[in-house]
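Asks: Sharing final_19.pdb below, PDB, C-alpha atoms and all ligand atoms:
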```
ATOM      1  CA  MET A   1      -8.573  -8.248   4.450  1.00  0.00           C
ATOM      2  CA  ILE A   2      -5.278  -6.579   3.548  1.00  0.00           C
ATOM      3  CA  ALA A   3      -3.445  -7.580   0.366  1.00  0.00           C
ATOM      4  CA  ILE A   4       0.330  -7.431   0.702  1.00  0.00           C
ATOM      5  CA  GLY A   5       3.051  -7.837  -1.899  1.00  0.00           C
ATOM      6  CA  CYS A   6       6.647  -6.990  -2.654  1.00  0.00           C
ATOM      7  CA  ASP A   7       9.587  -7.664  -4.938  1.00  0.00           C
ATOM      8  CA  HIS A   8      12.963  -8.954  -3.736  1.00  0.00           C
ATOM      9  CA  GLY A   9      13.934  -5.440  -2.577  1.00  0.00           C
ATOM     10  CA  GLY A  10      10.935  -5.336  -0.263  1.00  0.00           C
ATOM     11  CA  PHE A  11      10.947  -8.939   0.905  1.00  0.00           C
ATOM     12  CA  LYS A  12      12.566  -8.411   4.334  1.00  0.00           C
ATOM     13  CA  LEU A  13      10.400  -5.406   5.192  1.00  0.00           C
ATOM     14  CA  LYS A  14       7.271  -7.256   4.068  1.00  0.00           C
ATOM     15  CA  GLN A  15       8.088 -10.008   6.587  1.00  0.00           C
ATOM     16  CA  ALA A  16       8.241  -7.372   9.349  1.00  0.00           C
ATOM     17  CA  VAL A  17       4.978  -5.772   8.182  1.00  0.00           C
ATOM     18  CA  MET A  18       3.188  -9.143   8.150  1.00  0.00           C
ATOM     19  CA  LYS A  19       4.427  -9.891  11.683  1.00  0.00           C
ATOM     20  CA  HIS A  20       3.155  -6.477  12.754  1.00  0.00           C
ATOM     21  CA  LEU A  21      -0.267  -7.104  11.185  1.00  0.00           C
ATOM     22  CA  GLU A  22      -0.451 -10.454  12.973  1.00  0.00           C
ATOM     23  CA  GLU A  23       0.382  -8.770  16.292  1.00  0.00           C
ATOM     24  CA  ARG A  24      -2.456  -6.323  15.633  1.00  0.00           C
ATOM     25  CA  GLY A  25      -4.830  -9.177  14.837  1.00  0.00           C
ATOM     26  CA  LEU A  26      -5.340  -7.963  11.260  1.00  0.00           C
ATOM     27  CA  GLU A  27      -5.905 -10.466   8.462  1.00  0.00           C
ATOM     28  CA  TYR A  28      -3.810 -10.300   5.322  1.00  0.00           C
ATOM     29  CA  LYS A  29      -3.218 -12.244   2.138  1.00  0.00           C
ATOM     30  CA  ASP A  30       0.352 -12.463   0.866  1.00  0.00           C
ATOM     31  CA  TYR A  31       0.623 -12.131  -2.926  1.00  0.00           C
ATOM     32  CA  GLY A  32       4.388 -12.734  -2.959  1.00  0.00           C
ATOM     33  CA  THR A  33       7.194 -12.619  -3.745  1.00  0.00           C
ATOM     34  CA  TYR A  34       8.159 -15.350  -1.327  1.00  0.00           C
ATOM     35  CA  SER A  35      11.958 -15.039  -1.239  1.00  0.00           C
ATOM     36  CA  ASP A  36      14.686 -12.462  -1.772  1.00  0.00           C
ATOM     37  CA  GLU A  37      15.511 -13.914  -5.193  1.00  0.00           C
ATOM     38  CA  SER A  38      15.481 -11.285  -7.943  1.00  0.00           C
ATOM     39  CA  CYS A  39      12.033 -10.818  -9.512  1.00  0.00           C
ATOM     40  CA  ASP A  40       9.887  -8.269 -11.367  1.00  0.00           C
ATOM     41  CA  TYR A  41       7.996  -5.698  -9.268  1.00  0.00           C
ATOM     42  CA  PRO A  42       5.117  -5.151 -11.780  1.00  0.00           C
ATOM     43  CA  VAL A  43       3.909  -8.719 -11.181  1.00  0.00           C
ATOM     44  CA  TYR A  44       3.404  -8.132  -7.460  1.00  0.00           C
ATOM     45  CA  GLY A  45       2.181  -4.539  -7.701  1.00  0.00           C
ATOM     46  CA  LYS A  46      -0.515  -5.590 -10.155  1.00  0.00           C
ATOM     47  CA  ALA A  47      -1.461  -8.709  -8.167  1.00  0.00           C
ATOM     48  CA  VAL A  48      -2.148  -6.630  -5.052  1.00  0.00           C
ATOM     49  CA  ALA A  49      -3.885  -3.916  -7.093  1.00  0.00           C
ATOM     50  CA  ASN A  50      -6.180  -6.466  -8.749  1.00  0.00           C
ATOM     51  CA  ALA A  51      -7.069  -7.949  -5.359  1.00  0.00           C
ATOM     52  CA  VAL A  52      -8.080  -4.500  -4.090  1.00  0.00           C
ATOM     53  CA  ALA A  53      -9.796  -3.365  -7.320  1.00  0.00           C
ATOM     54  CA  SER A  54     -11.897  -6.560  -7.427  1.00  0.00           C
ATOM     55  CA  GLY A  55     -13.024  -6.096  -3.825  1.00  0.00           C
ATOM     56  CA  GLU A  56     -11.338  -9.323  -2.712  1.00  0.00           C
ATOM     57  CA  CYS A  57      -9.260  -7.193  -0.326  1.00  0.00           C
ATOM     58  CA  ASP A  58     -10.103  -3.814   1.264  1.00  0.00           C
ATOM     59  CA  ARG A  59      -6.632  -2.300   1.302  1.00  0.00           C
ATOM     60  CA  GLY A  60      -3.177  -3.114   0.011  1.00  0.00           C
ATOM     61  CA  ILE A  61       0.436  -2.691   1.067  1.00  0.00           C
ATOM     62  CA  ILE A  62       3.189  -2.965  -1.540  1.00  0.00           C
ATOM     63  CA  ILE A  63       6.936  -2.713  -1.068  1.00  0.00           C
ATOM     64  CA  CYS A  64       9.909  -2.611  -3.415  1.00  0.00           C
ATOM     65  CA  GLY A  65      13.365  -1.070  -3.096  1.00  0.00           C
ATOM     66  CA  THR A  66      12.206   2.502  -3.635  1.00  0.00           C
ATOM     67  CA  GLY A  67       8.445   1.950  -3.643  1.00  0.00           C
ATOM     68  CA  ILE A  68       8.375   3.731  -6.991  1.00  0.00           C
ATOM     69  CA  GLY A  69       8.219   0.895  -9.509  1.00  0.00           C
ATOM     70  CA  ILE A  70       5.661  -1.115  -7.584  1.00  0.00           C
ATOM     71  CA  SER A  71       3.412   1.941  -7.031  1.00  0.00           C
ATOM     72  CA  ILE A  72       3.548   2.844 -10.726  1.00  0.00           C
ATOM     73  CA  ALA A  73       2.494  -0.726 -11.539  1.00  0.00           C
ATOM     74  CA  ALA A  74      -0.390  -0.682  -9.056  1.00  0.00           C
ATOM     75  CA  ASN A  75      -1.657   2.678 -10.282  1.00  0.00           C
ATOM     76  CA  LYS A  76      -2.136   1.250 -13.791  1.00  0.00           C
ATOM     77  CA  ILE A  77      -5.121  -0.704 -12.474  1.00  0.00           C
ATOM     78  CA  ARG A  78      -8.474   1.095 -12.658  1.00  0.00           C
ATOM     79  CA  GLY A  79      -9.810   2.149  -9.274  1.00  0.00           C
ATOM     80  CA  ILE A  80      -6.434   1.999  -7.576  1.00  0.00           C
ATOM     81  CA  ARG A  81      -4.980   4.938  -5.708  1.00  0.00           C
ATOM     82  CA  ALA A  82      -1.582   3.750  -4.532  1.00  0.00           C
ATOM     83  CA  ALA A  83       0.305   6.283  -2.425  1.00  0.00           C
ATOM     84  CA  LEU A  84       4.060   6.084  -1.992  1.00  0.00           C
ATOM     85  CA  CYS A  85       4.756   7.225   1.562  1.00  0.00           C
ATOM     86  CA  GLY A  86       8.034   7.744   3.355  1.00  0.00           C
ATOM     87  CA  ASP A  87       6.694   9.849   6.212  1.00  0.00           C
ATOM     88  CA  CYS A  88       3.782   9.877   8.672  1.00  0.00           C
ATOM     89  CA  PHE A  89       2.261  13.149   7.446  1.00  0.00           C
ATOM     90  CA  SER A  90       1.847  11.806   3.904  1.00  0.00           C
ATOM     91  CA  ALA A  91       0.363   8.523   5.162  1.00  0.00           C
ATOM     92  CA  GLU A  92      -2.319  10.428   7.082  1.00  0.00           C
ATOM     93  CA  ALA A  93      -2.961  13.004   4.359  1.00  0.00           C
ATOM     94  CA  THR A  94      -3.339  10.452   1.589  1.00  0.00           C
ATOM     95  CA  ARG A  95      -6.076   8.677   3.535  1.00  0.00           C
ATOM     96  CA  LEU A  96      -7.856  11.926   4.483  1.00  0.00           C
ATOM     97  CA  HIS A  97      -7.609  13.583   1.062  1.00  0.00           C
ATOM     98  CA  ASN A  98      -7.040  10.870  -1.579  1.00  0.00           C
ATOM     99  CA  ASP A  99      -8.789   7.902   0.061  1.00  0.00           C
ATOM    100  CA  ALA A 100      -5.704   5.951  -1.037  1.00  0.00           C
ATOM    101  CA  ASN A 101      -6.471   2.234  -1.112  1.00  0.00           C
ATOM    102  CA  ILE A 102      -2.874   1.005  -1.376  1.00  0.00           C
ATOM    103  CA  LEU A 103       0.170   2.044   0.615  1.00  0.00           C
ATOM    104  CA  ALA A 104       3.517   1.770  -1.184  1.00  0.00           C
ATOM    105  CA  MET A 105       6.852   1.974   0.629  1.00  0.00           C
ATOM    106  CA  GLY A 106      10.513   1.763  -0.313  1.00  0.00           C
ATOM    107  CA  ALA A 107      12.427  -0.710   1.828  1.00  0.00           C
ATOM    108  CA  ARG A 108      15.713   0.973   0.869  1.00  0.00           C
ATOM    109  CA  VAL A 109      14.284   4.345   1.869  1.00  0.00           C
ATOM    110  CA  VAL A 110      12.499   3.884   5.199  1.00  0.00           C
ATOM    111  CA  GLY A 111      13.669   1.963   8.260  1.00  0.00           C
ATOM    112  CA  GLU A 112      11.496  -0.717   9.802  1.00  0.00           C
ATOM    113  CA  GLY A 113      10.329   1.398  12.745  1.00  0.00           C
ATOM    114  CA  LEU A 114       9.122   4.229  10.524  1.00  0.00           C
ATOM    115  CA  ALA A 115       7.568   1.805   8.054  1.00  0.00           C
ATOM    116  CA  LEU A 116       5.448   0.147  10.755  1.00  0.00           C
ATOM    117  CA  LYS A 117       4.305   3.553  12.020  1.00  0.00           C
ATOM    118  CA  ILE A 118       3.338   4.524   8.459  1.00  0.00           C
ATOM    119  CA  VAL A 119       1.390   1.257   8.130  1.00  0.00           C
ATOM    120  CA  ASP A 120      -0.537   1.967  11.348  1.00  0.00           C
ATOM    121  CA  ILE A 121      -1.409   5.514  10.313  1.00  0.00           C
ATOM    122  CA  PHE A 122      -2.448   4.384   6.836  1.00  0.00           C
ATOM    123  CA  LEU A 123      -4.705   1.630   8.206  1.00  0.00           C
ATOM    124  CA  ASP A 124      -6.177   3.665  11.070  1.00  0.00           C
ATOM    125  CA  THR A 125      -6.982   6.945   9.299  1.00  0.00           C
ATOM    126  CA  PRO A 126     -10.419   7.189   7.666  1.00  0.00           C
ATOM    127  CA  PHE A 127     -11.183   9.130   4.479  1.00  0.00           C
ATOM    128  CA  SER A 128     -12.406  12.621   5.403  1.00  0.00           C
ATOM    129  CA  GLY A 129     -15.382  12.270   3.059  1.00  0.00           C
ATOM    130  CA  ASP A 130     -15.251  15.987   2.243  1.00  0.00           C
ATOM    131  CA  GLU A 131     -17.078  16.939  -0.936  1.00  0.00           C
ATOM    132  CA  ARG A 132     -14.029  18.616  -2.492  1.00  0.00           C
ATOM    133  CA  HIS A 133     -11.945  15.502  -1.986  1.00  0.00           C
ATOM    134  CA  ARG A 134     -14.688  13.268  -3.408  1.00  0.00           C
ATOM    135  CA  ARG A 135     -14.878  15.524  -6.458  1.00  0.00           C
ATOM    136  CA  ARG A 136     -11.127  15.439  -7.025  1.00  0.00           C
ATOM    137  CA  ILE A 137     -10.963  11.663  -6.591  1.00  0.00           C
ATOM    138  CA  SER A 138     -13.786  11.211  -9.112  1.00  0.00           C
ATOM    139  CA  MET A 139     -11.740  13.280 -11.572  1.00  0.00           C
ATOM    140  CA  LEU A 140      -8.844  10.805 -11.378  1.00  0.00           C
ATOM    141  CA  GLU A 141     -10.564   8.114 -13.437  1.00  0.00           C
ATOM    142  CA  GLY A 142     -10.665   9.343 -17.012  1.00  0.00           C
TER     143      GLY A 142
HETATM  144  C1  LIG B 201      15.085  -3.683  -7.658  1.00  0.00           C
HETATM  145  O1  LIG B 201      16.456  -3.655  -7.700  1.00  0.00           O
HETATM  146  C2  LIG B 201      14.517  -2.279  -7.664  1.00  0.00           C
HETATM  147  O2  LIG B 201      14.682  -1.711  -8.925  1.00  0.00           O
HETATM  148  C3  LIG B 201      13.056  -2.289  -7.284  1.00  0.00           C
HETATM  149  O3  LIG B 201      12.916  -2.862  -6.031  1.00  0.00           O
HETATM  150  C4  LIG B 201      12.384  -0.938  -7.183  1.00  0.00           C
HETATM  151  O4  LIG B 201      13.124  -0.052  -6.418  1.00  0.00           O
HETATM  152  C5  LIG B 201      11.933  -0.360  -8.461  1.00  0.00           C
HETATM  153  O5  LIG B 201      11.322   0.712  -8.507  1.00  0.00           O
END
```
Go ahead and render the structure in this file as structure tokens.

Replies:
Amino acid sequence: MIAIGCDHGGFKLKQAVMKHLEERGLEYKDYGTYSDESCDYPVYGKAVANAVASGECDRGIIICGTGIGISIAANKIRGIRAALCGDCFSAEATRLHNDANILAMGARVVGEGLALKIVDIFLDTPFSGDERHRRRISMLEG
């Protein structure tokens, strides 16, 4: 199950991502926001992060205008590794090296076509499992 959330800046792109997930036959749970009315990104970043950290969802996708605020919010939750990606290389590398469990994107930064490609790469790339990456990830939680 994929947790998905956004603020008003990410609302339109989130709709496109959800449609894309449906077309791929992937299940998701939408944690809001549910309109393009102005709202506070920490609420939605933390809601998705809590869903992933608790094990209720396996992965998360969060979107705000830049992707910055909502990724900062998500990364405050223990066990969360939210990666802000605006390119395909980073989306692949953060799965291989960081075992990122949440993808963050900026709807005012990436176009829809690129965003959907980033989503696919993020969801389809496994963690490498390499010892050095496991060690570094374990060092993230203080
Ligand atoms: C909202 O205007 C904007 O600040 C928000 O979507 C995000 O970019 C914050 O980091």

Asks: Which distance in Å separates atom CA of A:Tyr44 and atom CA of A:Gly5, to one decimal?

Replies: 5.6 Å

Asks: Give as a list in words the residues surrounding ligand LIG 201 (chain B) up to a distance of 8 Å, considering all atoms listed in the file.

Replies: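 Protein and nucleic-acid residues within 8 Å of ligand LIG 201 (chain B): Asp7, His8, Gly9, Gly10, Ser38, Cys39, Asp40, Tyr41, Ile63, Cys64, Gly65, Thr66, Gly67, Ile68, Gly69, Ile70, Gly106 and Arg108 of chain A.
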
Asks: Mind checking which residues fall within 10 Å of stretch 15-26 of chain A, counting all atoms listed in the file, ignoring those fewer than 4 positions away in the same chain, and posting them as an MDAnalysis selection string?

Replies: chainID A and resid 1:2 4 6 10:11 30 34 61 63 112:113 115:116 119:120

Asks: What is the atom CA of A:Lys46 to atom CA of A:Met105 distance in Å?

Replies: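 Taking atom CA of A:Lys46 as the start and atom CA of A:Met105 as the end point, the length is 15.1 Å.
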
Asks: Excluding A:Cys57 and its own-chain neighbours fewer than 5 positions away, which residues fall within 12 Å of it when counting only C-alpha atoms? Please give them as a PyMOL selection string.

Replies: chain A and resi 1-4+27-31+47-52+101-102

Asks: For atom CA of A:Arg134 and atom CA of A:Ile77, determine how far apart the two atoms are, in Å to one decimal place.

Replies: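 So the answer is 19.2 Å.
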
Asks: So which one's closest to A:Ile72, A:Asn98, A:Ile121, A:Glu92, A:Leu103? Using only C-alpha atoms, please.

Replies: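 Between A:Asn98, A:Ile121, A:Glu92, A:Leu103, the residue approaching A:Ile72 most closely is A:Leu103.
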